[in-house]
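Note: the block below is target33.cif and it holds mmCIF, N, CA and C atoms.
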```cif
data_structure
#
loop_
_atom_site.label_atom_id
_atom_site.label_comp_id
_atom_site.auth_asym_id
_atom_site.auth_seq_id
_atom_site.Cartn_x
_atom_site.Cartn_y
_atom_site.Cartn_z
N MET A 87 0.85 -1.18 0.00
CA MET A 87 0.00 0.00 0.00
C MET A 87 0.89 1.24 0.00
N ALA A 88 0.56 2.20 -0.81
CA ALA A 88 1.37 3.41 -0.96
C ALA A 88 1.31 4.28 0.29
N ASN A 89 2.38 5.02 0.52
CA ASN A 89 2.45 5.90 1.69
C ASN A 89 1.33 6.92 1.72
N ILE A 90 0.98 7.46 0.56
CA ILE A 90 -0.08 8.48 0.52
C ILE A 90 -1.41 7.90 1.01
N TYR A 91 -1.68 6.65 0.63
CA TYR A 91 -2.92 6.02 1.09
C TYR A 91 -2.89 5.84 2.61
N ILE A 92 -1.74 5.49 3.15
CA ILE A 92 -1.61 5.31 4.61
C ILE A 92 -1.88 6.63 5.32
N ILE A 93 -1.41 7.72 4.75
CA ILE A 93 -1.68 9.04 5.34
C ILE A 93 -3.17 9.34 5.30
N PHE A 94 -3.80 9.11 4.13
CA PHE A 94 -5.25 9.34 4.04
C PHE A 94 -6.02 8.46 5.02
N LYS A 95 -5.60 7.22 5.18
CA LYS A 95 -6.28 6.30 6.11
C LYS A 95 -6.14 6.82 7.54
N PHE A 96 -4.98 7.32 7.90
CA PHE A 96 -4.76 7.90 9.22
C PHE A 96 -5.71 9.07 9.45
N LEU A 97 -5.80 9.97 8.44
CA LEU A 97 -6.69 11.13 8.58
C LEU A 97 -8.15 10.72 8.68
N GLU A 98 -8.52 9.67 7.97
CA GLU A 98 -9.89 9.17 8.06
C GLU A 98 -10.17 8.61 9.45
N ASP A 99 -9.26 7.81 9.95
CA ASP A 99 -9.44 7.18 11.27
C ASP A 99 -9.41 8.19 12.40
N LYS A 100 -8.50 9.15 12.35
CA LYS A 100 -8.30 10.09 13.46
C LYS A 100 -9.14 11.36 13.36
N LYS A 101 -9.40 11.81 12.14
CA LYS A 101 -10.08 13.10 11.95
C LYS A 101 -11.43 12.98 11.25
N GLY A 102 -11.79 11.79 10.79
CA GLY A 102 -13.06 11.61 10.09
C GLY A 102 -13.06 12.13 8.66
N LYS A 103 -11.89 12.40 8.10
CA LYS A 103 -11.79 12.89 6.71
C LYS A 103 -11.84 11.70 5.77
N LYS A 104 -12.76 11.73 4.82
CA LYS A 104 -12.91 10.62 3.88
C LYS A 104 -11.74 10.54 2.92
N ILE A 105 -11.35 9.32 2.59
CA ILE A 105 -10.30 9.10 1.61
C ILE A 105 -10.89 9.39 0.23
N PRO A 106 -10.22 10.23 -0.56
CA PRO A 106 -10.73 10.52 -1.91
C PRO A 106 -10.81 9.26 -2.77
N LEU A 107 -11.83 9.20 -3.61
CA LEU A 107 -12.05 8.03 -4.46
C LEU A 107 -10.82 7.73 -5.31
N LYS A 108 -10.16 8.74 -5.80
CA LYS A 108 -8.97 8.53 -6.64
C LYS A 108 -7.96 7.62 -5.94
N PHE A 109 -7.72 7.85 -4.69
CA PHE A 109 -6.72 7.07 -3.97
C PHE A 109 -7.22 5.68 -3.63
N LYS A 110 -8.52 5.55 -3.40
CA LYS A 110 -9.07 4.21 -3.21
C LYS A 110 -8.97 3.41 -4.50
N LEU A 111 -9.29 4.04 -5.63
CA LEU A 111 -9.20 3.36 -6.92
C LEU A 111 -7.79 2.87 -7.20
N LEU A 112 -6.80 3.70 -6.88
CA LEU A 112 -5.42 3.39 -7.20
C LEU A 112 -4.74 2.47 -6.18
N HIS A 113 -5.13 2.55 -4.91
CA HIS A 113 -4.38 1.85 -3.88
C HIS A 113 -5.17 0.82 -3.08
N ALA A 114 -6.48 0.94 -3.06
CA ALA A 114 -7.28 0.00 -2.26
C ALA A 114 -8.71 -0.10 -2.81
N PRO A 115 -8.87 -0.57 -4.06
CA PRO A 115 -10.21 -0.60 -4.66
C PRO A 115 -11.21 -1.47 -3.88
N GLU A 116 -10.71 -2.40 -3.13
CA GLU A 116 -11.60 -3.26 -2.33
C GLU A 116 -12.29 -2.49 -1.20
N THR A 117 -11.84 -1.27 -0.90
CA THR A 117 -12.45 -0.48 0.17
C THR A 117 -13.52 0.47 -0.33
N ILE A 118 -13.77 0.52 -1.64
CA ILE A 118 -14.77 1.43 -2.20
C ILE A 118 -16.17 1.01 -1.74
N GLU A 119 -16.90 1.99 -1.24
CA GLU A 119 -18.26 1.77 -0.75
C GLU A 119 -19.24 2.60 -1.59
N LYS A 120 -20.51 2.31 -1.44
CA LYS A 120 -21.55 2.98 -2.22
C LYS A 120 -21.46 4.51 -2.11
N GLU A 121 -21.20 5.01 -0.92
CA GLU A 121 -21.15 6.47 -0.72
C GLU A 121 -19.93 7.11 -1.39
N ASP A 122 -18.94 6.32 -1.78
CA ASP A 122 -17.78 6.85 -2.50
C ASP A 122 -18.10 7.14 -3.96
N LEU A 123 -19.20 6.63 -4.47
CA LEU A 123 -19.49 6.69 -5.90
C LEU A 123 -20.08 8.01 -6.37
N ASN A 124 -20.27 8.95 -5.47
CA ASN A 124 -20.76 10.29 -5.82
C ASN A 124 -19.65 11.29 -5.55
N VAL A 125 -18.96 11.69 -6.61
CA VAL A 125 -17.84 12.60 -6.50
C VAL A 125 -18.31 13.99 -6.93
N GLU A 126 -18.15 14.98 -6.05
CA GLU A 126 -18.64 16.32 -6.35
C GLU A 126 -17.79 17.03 -7.40
N GLY A 127 -16.50 16.87 -7.36
CA GLY A 127 -15.61 17.58 -8.27
C GLY A 127 -15.17 16.73 -9.44
N ASP A 128 -13.88 16.86 -9.78
CA ASP A 128 -13.30 16.16 -10.91
C ASP A 128 -12.63 14.87 -10.45
N LEU A 129 -12.41 13.98 -11.41
CA LEU A 129 -11.68 12.74 -11.15
C LEU A 129 -10.60 12.64 -12.22
N ASP A 130 -9.39 13.04 -11.85
CA ASP A 130 -8.27 13.08 -12.80
C ASP A 130 -7.36 11.88 -12.55
N LEU A 131 -7.42 10.92 -13.47
CA LEU A 131 -6.63 9.70 -13.37
C LEU A 131 -5.63 9.57 -14.52
N GLU A 132 -5.32 10.69 -15.16
CA GLU A 132 -4.42 10.68 -16.32
C GLU A 132 -3.12 9.96 -16.02
N ASP A 133 -2.73 9.08 -16.96
CA ASP A 133 -1.44 8.40 -16.92
C ASP A 133 -1.23 7.57 -15.65
N THR A 134 -2.30 7.02 -15.10
CA THR A 134 -2.19 6.13 -13.95
C THR A 134 -2.39 4.70 -14.41
N LYS A 135 -2.24 3.75 -13.51
CA LYS A 135 -2.38 2.34 -13.84
C LYS A 135 -3.82 1.84 -13.72
N ILE A 136 -4.76 2.77 -13.60
CA ILE A 136 -6.17 2.39 -13.45
C ILE A 136 -6.62 1.55 -14.64
N SER A 137 -7.38 0.48 -14.34
CA SER A 137 -7.86 -0.38 -15.44
C SER A 137 -9.37 -0.53 -15.44
N SER A 138 -10.04 -0.03 -14.39
CA SER A 138 -11.50 -0.10 -14.35
C SER A 138 -12.05 0.95 -13.39
N LEU A 139 -13.33 1.22 -13.55
CA LEU A 139 -14.07 2.11 -12.66
C LEU A 139 -15.27 1.35 -12.13
N PRO A 140 -15.78 1.70 -10.95
CA PRO A 140 -16.94 1.01 -10.41
C PRO A 140 -18.24 1.40 -11.10
N GLU A 141 -19.19 0.48 -11.15
CA GLU A 141 -20.51 0.78 -11.72
C GLU A 141 -21.22 1.83 -10.89
N ASN A 142 -22.11 2.55 -11.55
CA ASN A 142 -22.94 3.58 -10.91
C ASN A 142 -22.14 4.78 -10.40
N LEU A 143 -20.99 5.03 -10.97
CA LEU A 143 -20.16 6.17 -10.58
C LEU A 143 -20.75 7.45 -11.14
N LYS A 144 -20.82 8.49 -10.27
CA LYS A 144 -21.31 9.81 -10.66
C LYS A 144 -20.27 10.84 -10.28
N VAL A 145 -19.79 11.57 -11.28
CA VAL A 145 -18.77 12.59 -11.05
C VAL A 145 -19.35 13.93 -11.52
N GLY A 146 -19.39 14.91 -10.63
CA GLY A 146 -19.98 16.21 -10.95
C GLY A 146 -19.18 17.00 -11.96
N GLY A 147 -17.86 16.86 -11.96
CA GLY A 147 -16.99 17.57 -12.88
C GLY A 147 -16.60 16.69 -14.05
N TYR A 148 -15.31 16.72 -14.39
CA TYR A 148 -14.84 15.91 -15.51
C TYR A 148 -14.16 14.63 -15.01
N ILE A 149 -14.02 13.68 -15.92
CA ILE A 149 -13.19 12.50 -15.68
C ILE A 149 -12.11 12.49 -16.75
N ASN A 150 -10.87 12.39 -16.31
CA ASN A 150 -9.74 12.32 -17.23
C ASN A 150 -9.09 10.95 -17.12
N LEU A 151 -9.21 10.14 -18.18
CA LEU A 151 -8.61 8.80 -18.22
C LEU A 151 -7.55 8.72 -19.32
N TYR A 152 -7.06 9.86 -19.75
CA TYR A 152 -6.05 9.94 -20.80
C TYR A 152 -4.84 9.08 -20.46
N LYS A 153 -4.41 8.26 -21.41
CA LYS A 153 -3.23 7.41 -21.27
C LYS A 153 -3.33 6.43 -20.09
N THR A 154 -4.50 5.89 -19.83
CA THR A 154 -4.63 4.85 -18.81
C THR A 154 -4.81 3.51 -19.50
N LYS A 155 -4.85 2.46 -18.72
CA LYS A 155 -5.02 1.11 -19.28
C LYS A 155 -6.48 0.70 -19.38
N ILE A 156 -7.37 1.61 -19.13
CA ILE A 156 -8.79 1.29 -19.13
C ILE A 156 -9.25 0.89 -20.54
N SER A 157 -10.05 -0.18 -20.60
CA SER A 157 -10.53 -0.65 -21.90
C SER A 157 -12.05 -0.68 -21.99
N SER A 158 -12.72 -0.50 -20.87
CA SER A 158 -14.18 -0.41 -20.87
C SER A 158 -14.63 0.48 -19.72
N LEU A 159 -15.85 0.95 -19.85
CA LEU A 159 -16.44 1.81 -18.82
C LEU A 159 -17.59 1.08 -18.15
N PRO A 160 -17.89 1.44 -16.90
CA PRO A 160 -18.98 0.76 -16.19
C PRO A 160 -20.35 1.27 -16.64
N ASP A 161 -21.35 0.44 -16.47
CA ASP A 161 -22.73 0.87 -16.73
C ASP A 161 -23.11 1.98 -15.77
N ASN A 162 -24.02 2.82 -16.22
CA ASN A 162 -24.58 3.91 -15.40
C ASN A 162 -23.54 4.93 -14.96
N LEU A 163 -22.57 5.19 -15.80
CA LEU A 163 -21.56 6.22 -15.53
C LEU A 163 -22.14 7.58 -15.88
N THR A 164 -22.07 8.52 -14.94
CA THR A 164 -22.56 9.87 -15.16
C THR A 164 -21.42 10.85 -14.92
N VAL A 165 -21.17 11.71 -15.91
CA VAL A 165 -20.10 12.70 -15.83
C VAL A 165 -20.73 14.06 -16.08
N GLY A 166 -20.60 14.98 -15.14
CA GLY A 166 -21.22 16.29 -15.26
C GLY A 166 -20.62 17.14 -16.35
N GLU A 167 -19.33 16.99 -16.60
CA GLU A 167 -18.65 17.79 -17.61
C GLU A 167 -18.06 16.87 -18.68
N ASP A 168 -16.79 17.05 -19.03
CA ASP A 168 -16.18 16.28 -20.11
C ASP A 168 -15.66 14.92 -19.64
N LEU A 169 -15.64 13.97 -20.58
CA LEU A 169 -15.08 12.64 -20.35
C LEU A 169 -13.93 12.46 -21.32
N PHE A 170 -12.70 12.46 -20.80
CA PHE A 170 -11.49 12.34 -21.61
C PHE A 170 -11.05 10.88 -21.66
N LEU A 171 -11.12 10.29 -22.85
CA LEU A 171 -10.72 8.89 -23.04
C LEU A 171 -9.63 8.74 -24.09
N ALA A 172 -9.03 9.84 -24.50
CA ALA A 172 -8.00 9.79 -25.54
C ALA A 172 -6.84 8.90 -25.12
N ASN A 173 -6.27 8.21 -26.11
CA ASN A 173 -5.13 7.33 -25.89
C ASN A 173 -5.42 6.22 -24.88
N THR A 174 -6.63 5.67 -24.93
CA THR A 174 -6.98 4.51 -24.12
C THR A 174 -7.34 3.36 -25.05
N LYS A 175 -7.66 2.23 -24.48
CA LYS A 175 -8.04 1.07 -25.27
C LYS A 175 -9.56 0.89 -25.33
N ILE A 176 -10.30 1.96 -25.11
CA ILE A 176 -11.76 1.91 -25.13
C ILE A 176 -12.25 1.43 -26.50
N SER A 177 -13.01 0.33 -26.47
CA SER A 177 -13.51 -0.22 -27.74
C SER A 177 -15.03 -0.38 -27.73
N SER A 178 -15.67 -0.10 -26.60
CA SER A 178 -17.12 -0.15 -26.51
C SER A 178 -17.59 0.84 -25.46
N LEU A 179 -18.90 1.10 -25.46
CA LEU A 179 -19.48 2.05 -24.51
C LEU A 179 -20.53 1.35 -23.66
N PRO A 180 -20.70 1.79 -22.42
CA PRO A 180 -21.62 1.12 -21.50
C PRO A 180 -23.07 1.57 -21.67
N ASP A 181 -23.96 0.89 -20.99
CA ASP A 181 -25.36 1.30 -20.92
C ASP A 181 -25.47 2.55 -20.04
N ASN A 182 -26.37 3.43 -20.41
CA ASN A 182 -26.72 4.61 -19.61
C ASN A 182 -25.56 5.55 -19.34
N LEU A 183 -24.68 5.72 -20.31
CA LEU A 183 -23.58 6.68 -20.17
C LEU A 183 -24.14 8.08 -20.36
N LYS A 184 -23.91 8.95 -19.37
CA LYS A 184 -24.39 10.32 -19.43
C LYS A 184 -23.19 11.26 -19.30
N VAL A 185 -23.01 12.10 -20.30
CA VAL A 185 -21.89 13.05 -20.31
C VAL A 185 -22.47 14.45 -20.49
N GLY A 186 -22.29 15.31 -19.50
CA GLY A 186 -22.84 16.67 -19.55
C GLY A 186 -22.06 17.60 -20.44
N GLY A 187 -20.82 17.24 -20.76
CA GLY A 187 -19.99 18.05 -21.65
C GLY A 187 -19.66 17.27 -22.90
N SER A 188 -18.37 17.27 -23.25
CA SER A 188 -17.91 16.58 -24.46
C SER A 188 -17.30 15.23 -24.13
N LEU A 189 -17.28 14.36 -25.14
CA LEU A 189 -16.68 13.04 -25.05
C LEU A 189 -15.47 13.03 -25.98
N ILE A 190 -14.28 12.85 -25.41
CA ILE A 190 -13.05 12.90 -26.20
C ILE A 190 -12.51 11.48 -26.36
N LEU A 191 -12.57 10.99 -27.60
CA LEU A 191 -12.20 9.61 -27.91
C LEU A 191 -11.01 9.53 -28.87
N ARG A 192 -10.22 10.53 -28.97
CA ARG A 192 -9.09 10.55 -29.90
C ARG A 192 -8.15 9.37 -29.63
N GLN A 193 -7.70 8.76 -30.72
CA GLN A 193 -6.74 7.66 -30.67
C GLN A 193 -7.20 6.51 -29.77
N THR A 194 -8.44 6.09 -30.00
CA THR A 194 -8.99 4.92 -29.32
C THR A 194 -9.49 3.95 -30.38
N PRO A 195 -9.57 2.66 -30.06
CA PRO A 195 -10.14 1.71 -31.03
C PRO A 195 -11.55 2.09 -31.45
N LEU A 196 -12.33 2.63 -30.53
CA LEU A 196 -13.71 3.02 -30.82
C LEU A 196 -13.74 4.13 -31.88
N ALA A 197 -12.87 5.12 -31.73
CA ALA A 197 -12.83 6.24 -32.68
C ALA A 197 -12.34 5.81 -34.05
N LYS A 198 -11.50 4.81 -34.08
CA LYS A 198 -10.97 4.33 -35.37
C LYS A 198 -12.01 3.52 -36.13
N LYS A 199 -12.94 2.92 -35.40
CA LYS A 199 -13.92 2.03 -36.00
C LYS A 199 -15.23 2.73 -36.38
N TYR A 200 -15.62 3.76 -35.61
CA TYR A 200 -16.93 4.40 -35.81
C TYR A 200 -16.80 5.91 -36.01
N SER A 201 -17.79 6.47 -36.68
CA SER A 201 -17.86 7.93 -36.83
C SER A 201 -18.47 8.54 -35.57
N LYS A 202 -18.37 9.86 -35.46
CA LYS A 202 -18.98 10.57 -34.33
C LYS A 202 -20.48 10.29 -34.28
N GLU A 203 -21.12 10.32 -35.43
CA GLU A 203 -22.57 10.10 -35.49
C GLU A 203 -22.93 8.69 -35.03
N GLN A 204 -22.15 7.71 -35.47
CA GLN A 204 -22.41 6.32 -35.04
C GLN A 204 -22.20 6.17 -33.54
N ILE A 205 -21.21 6.81 -33.00
CA ILE A 205 -20.94 6.73 -31.56
C ILE A 205 -22.08 7.39 -30.78
N ARG A 206 -22.52 8.56 -31.22
CA ARG A 206 -23.64 9.23 -30.54
C ARG A 206 -24.89 8.35 -30.57
N LYS A 207 -25.16 7.73 -31.71
CA LYS A 207 -26.33 6.85 -31.82
C LYS A 207 -26.20 5.63 -30.90
N MET A 208 -25.02 5.05 -30.82
CA MET A 208 -24.79 3.92 -29.92
C MET A 208 -25.11 4.31 -28.48
N ILE A 209 -24.63 5.48 -28.08
CA ILE A 209 -24.86 5.95 -26.72
C ILE A 209 -26.35 6.15 -26.48
N GLU A 210 -27.03 6.80 -27.40
CA GLU A 210 -28.46 7.06 -27.25
C GLU A 210 -29.26 5.77 -27.26
N ASP A 211 -28.88 4.81 -28.12
CA ASP A 211 -29.58 3.52 -28.17
C ASP A 211 -29.44 2.73 -26.86
N ARG A 212 -28.42 3.05 -26.08
CA ARG A 212 -28.19 2.36 -24.81
C ARG A 212 -28.69 3.19 -23.62
N GLY A 213 -29.52 4.18 -23.90
CA GLY A 213 -30.13 4.97 -22.83
C GLY A 213 -29.29 6.12 -22.32
N GLY A 214 -28.23 6.48 -23.03
CA GLY A 214 -27.35 7.55 -22.58
C GLY A 214 -27.43 8.79 -23.44
N GLU A 215 -26.54 9.73 -23.16
CA GLU A 215 -26.48 10.96 -23.94
C GLU A 215 -25.13 11.65 -23.74
N VAL A 216 -24.74 12.40 -24.75
CA VAL A 216 -23.60 13.30 -24.68
C VAL A 216 -24.15 14.66 -25.07
N LYS A 217 -24.12 15.61 -24.14
CA LYS A 217 -24.78 16.90 -24.38
C LYS A 217 -24.01 17.80 -25.33
N GLU A 218 -22.70 17.65 -25.39
CA GLU A 218 -21.94 18.52 -26.27
C GLU A 218 -21.30 17.71 -27.40
N ARG A 219 -20.05 17.95 -27.72
CA ARG A 219 -19.42 17.36 -28.89
C ARG A 219 -18.75 16.01 -28.59
N ILE A 220 -18.56 15.24 -29.64
CA ILE A 220 -17.79 14.00 -29.58
C ILE A 220 -16.57 14.21 -30.48
N TYR A 221 -15.39 14.01 -29.91
CA TYR A 221 -14.15 14.18 -30.67
C TYR A 221 -13.52 12.82 -30.94
N THR A 222 -13.26 12.54 -32.24
CA THR A 222 -12.69 11.25 -32.61
C THR A 222 -11.39 11.37 -33.40
N TYR A 223 -11.02 12.52 -33.86
CA TYR A 223 -9.84 12.66 -34.72
C TYR A 223 -8.57 12.78 -33.92
#
```
Using structure tokens, write down the structure from this file.
Amino acid sequence: MANIYIIFKFLEDKKGKKIPLKFKLLHAPETIEKEDLNVEGDLDLEDTKISSLPENLKVGGYINLYKTKISSLPDNLTVGEDLFLANTKISSLPDNLKVGGSLILRQTPLAKKYSKEQIRKMIEDRGGEVKERIYTY
């Protein structure tokens, strides 16, 4: 377990400060609880070893997964702002994906295989939406 996680765990135990989801995802995913799945701000995981996200995750700001090992997204993912997936191995999209901003899919298998219009239709057919633009180039 990383030293930073040990510090966060100490603060949680002694001061009642919750461990941020980012650190649970990276250092102790087995400790993620239902109440951790509602993140008020951003979730920046750029260039980390993250390979998955929990189902029913709701992030009020943006999610940045640029240059991660992630290859799929969980069902019922809600992102209040932009969802950055550039330079990932994303090849499919989940059910009920909701993106309040733009979806950035540059240099992904999904972007190489489908047009922006096809991707938007896939998302809508699965009960989701992207409110702004989809970037695939």
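The protein and nucleic acid residues lying at most 6.5 Å from Glu126 in chain A are Lys144, Val145, Gly146 and Gly147 of chain A, with all atoms listed in the file considered and sequence neighbours fewer than 3 positions away removed.
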* In Å, with one decimal, what is the gap from atom N of Lys101 in chain A to CA of Thr117 in chain A? -> 17.4 Å
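For the atom pair formed by CA of Tyr152 in chain A and CA of Glu121 in chain A, the distance is 25.4 Å, given to one decimal.
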* Would you give me, as JSON, numbers by chain, the residues in chain A that DSSP reads as helix (DSSP H, G or I)? -> {"A": [89, 90, 91, 92, 93, 94, 95, 96, 97, 98, 99, 100, 101, 107, 108, 109, 110, 111, 112, 113, 115, 116, 117, 120, 121, 122, 123, 195, 196, 197, 198, 199, 202, 203, 204, 205, 206, 207, 208, 209, 210, 211]}
* Residues within 12 Å of range 188-195 of chain A, only C-alpha atoms, excluding chain neighbours under 6 positions, as an NGL selection string -> :A and (147-158 or 164-179 or 201-202 or 205-206 or 209 or 215-223)
Per-axis box centre and lengths in Å around range 176-190 of chain A, 4 Å margin per side, axis-aligned, as AutoDock Vina command-line options:
```
--center_x -18.5 --center_y 8.8 --center_z -23.5 --size_x 24.4 --size_y 26.4 --size_z 16.4
```
* **A:Val185, A:Ile93, A:Leu107, A:Met208 ranked by distance to Leu123 in chain A, top pick (using all atoms listed in the file)** => A:Leu107
* To do: Quick one: residues within 12 Å of (-10.6, 8.2, -4.0) (file frame), counting only C-alpha atoms, please, as a PyMOL selection string.
  => chain A and resi 90-91+94-95+103-119+121-131+136+139-140+143+145
Could you pull out the residues in chain A that DSSP calls strand (DSSP E or B) from the backbone, as an mmCIF file with N, CA and C atoms, in the frame of the given file?
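Wrote selection18.cif, looks like this:
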```
data_model
loop_
_atom_site.group_PDB
_atom_site.id
_atom_site.type_symbol
_atom_site.label_atom_id
_atom_site.label_comp_id
_atom_site.auth_asym_id
_atom_site.auth_seq_id
_atom_site.Cartn_x
_atom_site.Cartn_y
_atom_site.Cartn_z
ATOM 1 N N ASN A 124 -20.270 8.950 -5.470
ATOM 2 C CA ASN A 124 -20.760 10.290 -5.820
ATOM 3 C C ASN A 124 -19.650 11.290 -5.550
ATOM 4 N N VAL A 125 -18.960 11.690 -6.610
ATOM 5 C CA VAL A 125 -17.840 12.600 -6.500
ATOM 6 C C VAL A 125 -18.310 13.990 -6.930
ATOM 7 N N LEU A 129 -12.410 13.980 -11.410
ATOM 8 C CA LEU A 129 -11.680 12.740 -11.150
ATOM 9 C C LEU A 129 -10.600 12.640 -12.220
ATOM 10 N N ASP A 130 -9.390 13.040 -11.850
ATOM 11 C CA ASP A 130 -8.270 13.080 -12.800
ATOM 12 C C ASP A 130 -7.360 11.880 -12.550
ATOM 13 N N LYS A 144 -20.820 8.490 -10.270
ATOM 14 C CA LYS A 144 -21.310 9.810 -10.660
ATOM 15 C C LYS A 144 -20.270 10.840 -10.280
ATOM 16 N N VAL A 145 -19.790 11.570 -11.280
ATOM 17 C CA VAL A 145 -18.770 12.590 -11.050
ATOM 18 C C VAL A 145 -19.350 13.930 -11.520
ATOM 19 N N ILE A 149 -14.020 13.680 -15.920
ATOM 20 C CA ILE A 149 -13.190 12.500 -15.680
ATOM 21 C C ILE A 149 -12.110 12.490 -16.750
ATOM 22 N N ASN A 150 -10.870 12.390 -16.310
ATOM 23 C CA ASN A 150 -9.740 12.320 -17.230
ATOM 24 C C ASN A 150 -9.090 10.950 -17.120
ATOM 25 N N THR A 164 -22.070 8.520 -14.940
ATOM 26 C CA THR A 164 -22.560 9.870 -15.160
ATOM 27 C C THR A 164 -21.420 10.850 -14.920
ATOM 28 N N VAL A 165 -21.170 11.710 -15.910
ATOM 29 C CA VAL A 165 -20.100 12.700 -15.830
ATOM 30 C C VAL A 165 -20.730 14.060 -16.080
ATOM 31 N N LEU A 169 -15.640 13.970 -20.580
ATOM 32 C CA LEU A 169 -15.080 12.640 -20.350
ATOM 33 C C LEU A 169 -13.930 12.460 -21.320
ATOM 34 N N PHE A 170 -12.700 12.460 -20.800
ATOM 35 C CA PHE A 170 -11.490 12.340 -21.610
ATOM 36 C C PHE A 170 -11.050 10.880 -21.660
ATOM 37 N N LYS A 184 -23.910 8.950 -19.370
ATOM 38 C CA LYS A 184 -24.390 10.320 -19.430
ATOM 39 C C LYS A 184 -23.190 11.260 -19.300
ATOM 40 N N VAL A 185 -23.010 12.100 -20.300
ATOM 41 C CA VAL A 185 -21.890 13.050 -20.310
ATOM 42 C C VAL A 185 -22.470 14.450 -20.490
ATOM 43 N N LEU A 189 -17.280 14.360 -25.140
ATOM 44 C CA LEU A 189 -16.680 13.040 -25.050
ATOM 45 C C LEU A 189 -15.470 13.030 -25.980
ATOM 46 N N ILE A 190 -14.280 12.850 -25.410
ATOM 47 C CA ILE A 190 -13.050 12.900 -26.200
ATOM 48 C C ILE A 190 -12.510 11.480 -26.360
ATOM 49 N N GLU A 215 -26.540 9.730 -23.160
ATOM 50 C CA GLU A 215 -26.480 10.960 -23.940
ATOM 51 C C GLU A 215 -25.130 11.650 -23.740
ATOM 52 N N VAL A 216 -24.740 12.400 -24.750
ATOM 53 C CA VAL A 216 -23.600 13.300 -24.680
ATOM 54 C C VAL A 216 -24.150 14.660 -25.070
ATOM 55 N N ILE A 220 -18.560 15.240 -29.640
ATOM 56 C CA ILE A 220 -17.790 14.000 -29.580
ATOM 57 C C ILE A 220 -16.570 14.210 -30.480
ATOM 58 N N TYR A 221 -15.390 14.010 -29.910
ATOM 59 C CA TYR A 221 -14.150 14.180 -30.670
ATOM 60 C C TYR A 221 -13.520 12.820 -30.940
#
```
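The nearest approach to Leu163 in chain A among the residues A:Glu203, A:Ile92, A:Gly213, A:Asn142, with all atoms listed in the file taken into account, belongs to A:Asn142.
Note that atom C of Glu141 in chain A and CA of Pro160 in chain A are 5.9 Å apart.
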* Structure fact -> One residue among A:Leu183, A:Gly102, A:Thr134, A:Leu159 is nearest to Glu210 in chain A when using only C-alpha atoms, and that residue is A:Leu183
Have range 143-147 of chain A completed to all heavy atoms, please, and pass it along as a compact mmCIF listing (two decimals), in the frame of the given file.
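part-v5.txt, freshly written:
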```
# COMPACT_ATOMS: atom_id res chain seq x y z
N LEU A 143 -20.99 5.03 -10.97
CA LEU A 143 -20.16 6.17 -10.58
C LEU A 143 -20.75 7.45 -11.14
O LEU A 143 -21.14 7.52 -12.30
CB LEU A 143 -18.74 5.97 -11.12
CG LEU A 143 -17.74 7.09 -10.85
CD1 LEU A 143 -17.53 7.29 -9.34
CD2 LEU A 143 -16.40 6.76 -11.52
N LYS A 144 -20.82 8.49 -10.27
CA LYS A 144 -21.31 9.81 -10.66
C LYS A 144 -20.27 10.84 -10.28
O LYS A 144 -19.92 10.97 -9.10
CB LYS A 144 -22.64 10.12 -9.96
CG LYS A 144 -23.76 9.24 -10.43
CD LYS A 144 -25.06 9.58 -9.76
CE LYS A 144 -26.13 8.68 -10.34
NZ LYS A 144 -27.12 8.26 -9.42
N VAL A 145 -19.79 11.57 -11.28
CA VAL A 145 -18.77 12.59 -11.05
C VAL A 145 -19.35 13.93 -11.52
O VAL A 145 -19.76 14.06 -12.67
CB VAL A 145 -17.47 12.25 -11.82
CG1 VAL A 145 -16.46 13.37 -11.68
CG2 VAL A 145 -16.89 10.93 -11.31
N GLY A 146 -19.39 14.91 -10.63
CA GLY A 146 -19.98 16.21 -10.95
C GLY A 146 -19.18 17.00 -11.96
O GLY A 146 -19.73 17.76 -12.74
N GLY A 147 -17.86 16.86 -11.96
CA GLY A 147 -16.99 17.57 -12.88
C GLY A 147 -16.60 16.69 -14.05
O GLY A 147 -17.43 15.97 -14.59
```
